[in-house]
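Colleague: Provided herewith is a single structure, encoded as structure tokens, for subsequent inquiry.
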Amino acid sequence: MSGNKVLKGVVLVGLGATSYGMLATFVKLAYKENYTTAEVIVAQFIIGIIGILLINLVQKKTKSDVVKATPKNIFHLMLAGTSLGLTSIFYYLCVKYINVSIAIVLLMQTVWMGVLLEWILDKKAPSGQKILSVIIVLVGTLLATKLYEADLNLDWRGLFWGILAAASFTTTMFTANKVGLGISSAQRSLYMLLGGAVVVLIFALLTQNTPFNFEIFTKWGIVVALFGTIIPPMLLNAGFPNTGIGLGSIVSSLELPVSVTMAFLILDEEVTLIQWSGIALIILAIVIMNINLKQSKNQ
């Protein structure tokens with residue numbers, strides 16, 4: 001029974017990560033049809049909120065043991081959700097200027113940023129295992145983004161927004177694992193989305209200098225909401241309790257190869273063998289960071 005639970009968790013986390021991996025390609029396709037970042041992200045959050053709200057209503061009617069969020073829970077989750085909104089803004093601005101295959105690698109800098117944040121907040125130096133993982137990530141990033149090339153023509157704006165997206169995503173992951181843990185994942189997702197929506201709407205008001213194209217809601221809004229806002233959080237929240245953080249983190253790294261493969265197949269982005277080797281190194285670093293070496297030695 002325990003093995004079946006773990007397998008179920010792996011499948012759920014894998015599908016959730018795969019959904020996230022497809023997201024940037026859909027955003028890039030929306031850009032090709034001249035939709036703005038504000039239009040894409042507003043449509044995603046509004047449709048996402050409606051979708052998660054419906055899921056909450058269904059759970060409320062079908063389950064009698066749903067713990068209701070307190071005003072304190074709601075405030076903290078909405079506050080945490082602001083970093084979720086910023087992550088989407090920064091990441092979508094990033095893919096506007098550089099290839100998806102490089103943007104996703106920049107987002108994966110959360111691996112070493114998470115270690116650094118943990119060190120600062122917990123006042124505890126990282127283990128040798130984590131330091132090794134960080135070194136491997138940095139080498140993998142160097143290869144995957146081709147930063148070693150002297151004549152590399154990479155838009156600095158994409159690099160800037162990509163690093164900001166990674167920093168914001170690190171904050172999102174840190175707060176999401178500490179806020180409102182006693183309530184359902186659907187409620188947590190809803191209030192974090194509402195917090196993110198505030199940031200997204202402010203961004204839209206400040207940057208949208210043309211009439212808002214409402215066709216985005218039916219053309220790409222539903223797709224980006226499903227693959228970026230509705231499906232992944234529900235699957236990941238359902239899967240992680242069965243896999244545990246370590247195995248779940250390893251499986252969720254599927255997002256990286258899926259995103260690069262989608263960009264290669266659909267957007268015709270060039271991905272060299274050296275870049276693939278860099279991607280493989282980043283995945284290896286995530287595995288090393290999350291395996292329990294002491295437990296492995298004792299077995």
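As shown in the structure tokens, the chain order sets the letters A, B, ...; within each chain, residues go from 1, and ligands are also counted from 1 in the order they appear.
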Tell me which protein, DNA and RNA residues are within 7 Å of Leu12 of chain A, counting only C-alpha atoms, leaving out same-chain ones fewer than 4 positions away, and put them as a compact mmCIF listing (two decimals) with all heavy atoms, in the first residue's frame.

Modeller:
# COMPACT_ATOMS: atom_id res chain seq x y z
N LYS A 8 1.80 6.72 -6.78
CA LYS A 8 0.75 7.69 -7.10
C LYS A 8 1.28 9.12 -6.95
O LYS A 8 1.03 9.99 -7.79
CB LYS A 8 -0.45 7.48 -6.17
CG LYS A 8 -1.61 8.45 -6.44
CD LYS A 8 -2.73 8.23 -5.43
CE LYS A 8 -3.85 9.25 -5.62
NZ LYS A 8 -4.91 9.10 -4.58
N GLY A 16 2.33 17.35 -12.70
CA GLY A 16 2.31 18.76 -12.33
C GLY A 16 3.52 19.50 -12.86
O GLY A 16 3.40 20.61 -13.41
N LEU A 235 -1.97 19.25 -8.46
CA LEU A 235 -1.26 17.97 -8.58
C LEU A 235 -0.06 17.90 -7.64
O LEU A 235 0.18 16.88 -6.99
CB LEU A 235 -0.81 17.75 -10.03
CG LEU A 235 -1.91 17.50 -11.07
CD1 LEU A 235 -1.30 17.33 -12.45
CD2 LEU A 235 -2.73 16.26 -10.72
N LEU A 236 0.70 18.98 -7.57
CA LEU A 236 1.89 19.00 -6.71
C LEU A 236 1.51 18.92 -5.24
O LEU A 236 2.14 18.20 -4.46
CB LEU A 236 2.71 20.27 -6.97
CG LEU A 236 3.37 20.36 -8.36
CD1 LEU A 236 4.02 21.72 -8.55
CD2 LEU A 236 4.39 19.26 -8.56
N GLY A 239 0.48 15.39 -4.62
CA GLY A 239 1.54 14.39 -4.78
C GLY A 239 2.64 14.45 -3.74
O GLY A 239 3.14 13.40 -3.29

Colleague: So which residues of segment 2-157 of chain A fall under alpha helix (DSSP H) by DSSP, listed as JSON, numbers by chain?

Modeller: {"A": [2, 3, 4, 5, 6, 7, 8, 9, 10, 11, 12, 13, 14, 15, 16, 17, 18, 19, 20, 21, 22, 23, 24, 25, 26, 27, 28, 29, 30, 31, 32, 37, 38, 39, 40, 41, 42, 43, 44, 45, 46, 47, 48, 49, 50, 51, 52, 53, 54, 55, 56, 57, 58, 59, 60, 61, 62, 71, 72, 73, 74, 75, 76, 77, 78, 79, 80, 81, 82, 83, 84, 85, 86, 87, 88, 89, 90, 91, 92, 93, 94, 95, 96, 97, 100, 101, 102, 103, 104, 105, 106, 107, 110, 111, 112, 113, 114, 115, 116, 117, 118, 119, 120, 121, 122, 128, 129, 130, 131, 132, 133, 134, 135, 136, 137, 138, 139, 140, 141, 142, 143, 144, 156, 157]}

Colleague: Using only C-alpha atoms, which of A:Thr172, A:Thr87, A:Thr25, A:Gln109 sits nearest Leu267 of chain A?

Modeller: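 Going through A:Thr172, A:Thr87, A:Thr25, A:Gln109 one by one, the smallest distance to Leu267 of chain A is for A:Thr25.
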
Colleague: Compare A:Asn4, A:Gln275, A:Ser19, A:Asn34 by their minimum atom-to-atom distance to Phe212 of chain A, counting only C-alpha atoms, and give me the closest one.

Modeller: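 Checking each of A:Asn4, A:Gln275, A:Ser19, A:Asn34 against Phe212 of chain A, counting only C-alpha atoms, the winner is A:Asn34.
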
Colleague: Using only C-alpha atoms, can you tell me which of A:Ile41, A:Leu23, A:Leu159, A:Ile288 comes closest to Leu193 of chain A?

Modeller: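 Checking each of A:Ile41, A:Leu23, A:Leu159, A:Ile288 against Leu193 of chain A, counting only C-alpha atoms, the winner is A:Ile41.
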
Colleague: Contacts of Leu142 of chain A at 12 Å or less, counting only C-alpha atoms, minus same-chain residues fewer than 6 places along, as a list in words?

Modeller: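 So the residues in contact are Ile102, Val105, Leu106, Gln109, Ile135, Ile136, Tyr148, Glu149, Leu152, Ile274, Gln275, Trp276, Ser277, Gly278, Ile279, Leu281 and Ile282 of chain A.
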
Colleague: In Å, with one decimal, what is the gap from atom CA of Thr261 of chain A to atom CA of Ala225 of chain A?

Modeller: 20.7 Å

Colleague: Could you state the separation of atom CA of Val260 of chain A and atom CA of Asn292 of chain A in Å, given to one decimal place?

Modeller: 28.4 Å

Colleague: Excluding Ile216 of chain A and residues on its chain fewer than 5 positions from it, collect all residues at most 10 Å away from it, counting only C-alpha atoms, and give them as a list in words.

Modeller: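 Counting only C-alpha atoms, the residues come to Ala30, Glu33, Tyr35, Thr36, Glu39, Val40, Ile41, Val42, Ala43, Gln44, Gly221 and Ile222 of chain A.
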
Colleague: What does the file look like for those residues with all heavy atoms, as a PDB file, in the first residue's frame?

Modeller:
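To be explicit, this is the file written out as selection_8.pdb:
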ATOM      1  N   ALA A  30       1.797  33.033 -27.622  1.00  0.00           N
ATOM      2  CA  ALA A  30       0.888  34.184 -27.465  1.00  0.00           C
ATOM      3  C   ALA A  30       1.593  35.473 -27.877  1.00  0.00           C
ATOM      4  O   ALA A  30       0.998  36.350 -28.516  1.00  0.00           O
ATOM      5  CB  ALA A  30       0.401  34.278 -26.018  1.00  0.00           C
ATOM      6  N   GLU A  33       1.588  36.183 -31.487  1.00  0.00           N
ATOM      7  CA  GLU A  33       0.315  36.718 -31.991  1.00  0.00           C
ATOM      8  C   GLU A  33       0.076  38.144 -31.483  1.00  0.00           C
ATOM      9  O   GLU A  33      -1.044  38.641 -31.499  1.00  0.00           O
ATOM     10  CB  GLU A  33      -0.831  35.790 -31.595  1.00  0.00           C
ATOM     11  CG  GLU A  33      -0.722  34.411 -32.255  1.00  0.00           C
ATOM     12  CD  GLU A  33      -1.892  33.507 -31.920  1.00  0.00           C
ATOM     13  OE1 GLU A  33      -2.908  34.002 -31.379  1.00  0.00           O
ATOM     14  OE2 GLU A  33      -1.809  32.306 -32.208  1.00  0.00           O
ATOM     15  N   TYR A  35       0.109  39.475 -28.485  1.00  0.00           N
ATOM     16  CA  TYR A  35      -0.485  39.750 -27.181  1.00  0.00           C
ATOM     17  C   TYR A  35       0.616  40.255 -26.253  1.00  0.00           C
ATOM     18  O   TYR A  35       1.773  39.844 -26.356  1.00  0.00           O
ATOM     19  CB  TYR A  35      -1.126  38.491 -26.590  1.00  0.00           C
ATOM     20  CG  TYR A  35      -2.367  38.046 -27.322  1.00  0.00           C
ATOM     21  CD1 TYR A  35      -2.354  36.909 -28.127  1.00  0.00           C
ATOM     22  CD2 TYR A  35      -3.556  38.761 -27.219  1.00  0.00           C
ATOM     23  CE1 TYR A  35      -3.492  36.487 -28.811  1.00  0.00           C
ATOM     24  CE2 TYR A  35      -4.696  38.361 -27.897  1.00  0.00           C
ATOM     25  CZ  TYR A  35      -4.658  37.229 -28.693  1.00  0.00           C
ATOM     26  OH  TYR A  35      -5.787  36.827 -29.373  1.00  0.00           O
ATOM     27  N   THR A  36       0.261  41.154 -25.340  1.00  0.00           N
ATOM     28  CA  THR A  36       1.255  41.723 -24.429  1.00  0.00           C
ATOM     29  C   THR A  36       1.407  40.849 -23.186  1.00  0.00           C
ATOM     30  O   THR A  36       0.563  39.992 -22.891  1.00  0.00           O
ATOM     31  CB  THR A  36       0.840  43.135 -23.983  1.00  0.00           C
ATOM     32  OG1 THR A  36      -0.371  43.041 -23.206  1.00  0.00           O
ATOM     33  CG2 THR A  36       0.602  44.043 -25.175  1.00  0.00           C
ATOM     34  N   GLU A  39      -1.572  41.307 -20.914  1.00  0.00           N
ATOM     35  CA  GLU A  39      -2.776  40.597 -21.360  1.00  0.00           C
ATOM     36  C   GLU A  39      -2.699  39.111 -21.010  1.00  0.00           C
ATOM     37  O   GLU A  39      -3.669  38.537 -20.496  1.00  0.00           O
ATOM     38  CB  GLU A  39      -2.948  40.777 -22.878  1.00  0.00           C
ATOM     39  CG  GLU A  39      -3.401  42.182 -23.252  1.00  0.00           C
ATOM     40  CD  GLU A  39      -3.269  42.491 -24.724  1.00  0.00           C
ATOM     41  OE1 GLU A  39      -2.612  41.703 -25.447  1.00  0.00           O
ATOM     42  OE2 GLU A  39      -3.803  43.528 -25.164  1.00  0.00           O
ATOM     43  N   VAL A  40      -1.552  38.513 -21.269  1.00  0.00           N
ATOM     44  CA  VAL A  40      -1.377  37.081 -20.988  1.00  0.00           C
ATOM     45  C   VAL A  40      -1.517  36.797 -19.502  1.00  0.00           C
ATOM     46  O   VAL A  40      -2.244  35.880 -19.084  1.00  0.00           O
ATOM     47  CB  VAL A  40       0.002  36.590 -21.490  1.00  0.00           C
ATOM     48  CG1 VAL A  40       0.252  35.148 -21.050  1.00  0.00           C
ATOM     49  CG2 VAL A  40       0.090  36.691 -23.009  1.00  0.00           C
ATOM     50  N   ILE A  41      -0.841  37.589 -18.687  1.00  0.00           N
ATOM     51  CA  ILE A  41      -0.792  37.298 -17.258  1.00  0.00           C
ATOM     52  C   ILE A  41      -2.108  37.629 -16.549  1.00  0.00           C
ATOM     53  O   ILE A  41      -2.523  36.920 -15.628  1.00  0.00           O
ATOM     54  CB  ILE A  41       0.409  38.034 -16.617  1.00  0.00           C
ATOM     55  CG1 ILE A  41       0.813  37.334 -15.325  1.00  0.00           C
ATOM     56  CG2 ILE A  41       0.143  39.479 -16.375  1.00  0.00           C
ATOM     57  CD1 ILE A  41       2.151  37.792 -14.804  1.00  0.00           C
ATOM     58  N   VAL A  42      -2.801  38.692 -16.988  1.00  0.00           N
ATOM     59  CA  VAL A  42      -4.112  39.024 -16.406  1.00  0.00           C
ATOM     60  C   VAL A  42      -5.118  37.923 -16.718  1.00  0.00           C
ATOM     61  O   VAL A  42      -5.869  37.477 -15.842  1.00  0.00           O
ATOM     62  CB  VAL A  42      -4.618  40.389 -16.932  1.00  0.00           C
ATOM     63  CG1 VAL A  42      -6.101  40.577 -16.626  1.00  0.00           C
ATOM     64  CG2 VAL A  42      -3.822  41.529 -16.300  1.00  0.00           C
ATOM     65  N   ALA A  43      -5.118  37.454 -17.970  1.00  0.00           N
ATOM     66  CA  ALA A  43      -6.029  36.373 -18.360  1.00  0.00           C
ATOM     67  C   ALA A  43      -5.737  35.114 -17.555  1.00  0.00           C
ATOM     68  O   ALA A  43      -6.660  34.431 -17.087  1.00  0.00           O
ATOM     69  CB  ALA A  43      -5.885  36.087 -19.856  1.00  0.00           C
ATOM     70  N   GLN A  44      -4.447  34.806 -17.369  1.00  0.00           N
ATOM     71  CA  GLN A  44      -4.075  33.613 -16.604  1.00  0.00           C
ATOM     72  C   GLN A  44      -4.585  33.679 -15.175  1.00  0.00           C
ATOM     73  O   GLN A  44      -5.164  32.716 -14.664  1.00  0.00           O
ATOM     74  CB  GLN A  44      -2.553  33.447 -16.592  1.00  0.00           C
ATOM     75  CG  GLN A  44      -2.097  32.256 -15.749  1.00  0.00           C
ATOM     76  CD  GLN A  44      -0.592  32.162 -15.610  1.00  0.00           C
ATOM     77  OE1 GLN A  44       0.140  32.640 -16.473  1.00  0.00           O
ATOM     78  NE2 GLN A  44      -0.120  31.561 -14.534  1.00  0.00           N
ATOM     79  N   GLY A 221      -5.650  32.454 -22.794  1.00  0.00           N
ATOM     80  CA  GLY A 221      -5.880  32.575 -21.349  1.00  0.00           C
ATOM     81  C   GLY A 221      -6.227  31.265 -20.675  1.00  0.00           C
ATOM     82  O   GLY A 221      -5.691  30.935 -19.612  1.00  0.00           O
ATOM     83  N   ILE A 222      -7.134  30.503 -21.284  1.00  0.00           N
ATOM     84  CA  ILE A 222      -7.552  29.225 -20.699  1.00  0.00           C
ATOM     85  C   ILE A 222      -6.373  28.257 -20.621  1.00  0.00           C
ATOM     86  O   ILE A 222      -6.170  27.563 -19.617  1.00  0.00           O
ATOM     87  CB  ILE A 222      -8.712  28.605 -21.518  1.00  0.00           C
ATOM     88  CG1 ILE A 222      -9.955  29.488 -21.415  1.00  0.00           C
ATOM     89  CG2 ILE A 222      -9.028  27.194 -21.033  1.00  0.00           C
ATOM     90  CD1 ILE A 222     -11.086  29.079 -22.336  1.00  0.00           C
TER      91      ILE A 222
END

Colleague: Counting only C-alpha atoms, what is within 10 Å of Tyr97 of chain A, bar same-chain residues fewer than 5 positions away, as a tab-separated table (two decimals) with C-alpha atoms, in the first residue's frame?

Modeller:
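Okay, this is what ended up in part_14.tsv:
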chain	number	residue	atom	x	y	z
A	28	LYS	CA	5.90	32.55	-26.35
A	92	TYR	CA	7.07	36.14	-18.79
A	103	ALA	CA	14.79	31.11	-19.51
A	154	LEU	CA	22.08	37.17	-25.31
A	155	ASP	CA	19.70	40.01	-24.46
A	156	TRP	CA	20.69	41.33	-21.03
A	157	ARG	CA	17.03	42.14	-20.30
A	158	GLY	CA	16.17	38.45	-20.49
A	159	LEU	CA	19.00	37.58	-18.08
A	161	TRP	CA	14.25	39.29	-15.60
A	162	GLY	CA	15.21	35.60	-15.45

Colleague: If we count only C-alpha atoms, what is near Ala263 of chain A at a cut-off of 8 Å, once residues fewer than 4 positions away on the same chain are taken out, given as a ChimeraX atom specification?

Modeller: /A:25,99-101,259,267-269

Colleague: Counting only C-alpha atoms, which of A:Phe75, A:Phe240, A:Phe45, A:Tyr31 gets nearest to Gly180 of chain A?

Modeller: A:Phe75

Colleague: Which polymer residues have any atom within 12 Å of an atom of Gly81 of chain A, counting only C-alpha atoms, with same-chain residues fewer than 2 positions away left out, as a VMD selection string?

Modeller: chain A and resid 45 73 to 79 83 to 88 168 to 169 171 to 176 179 to 180 188 to 200
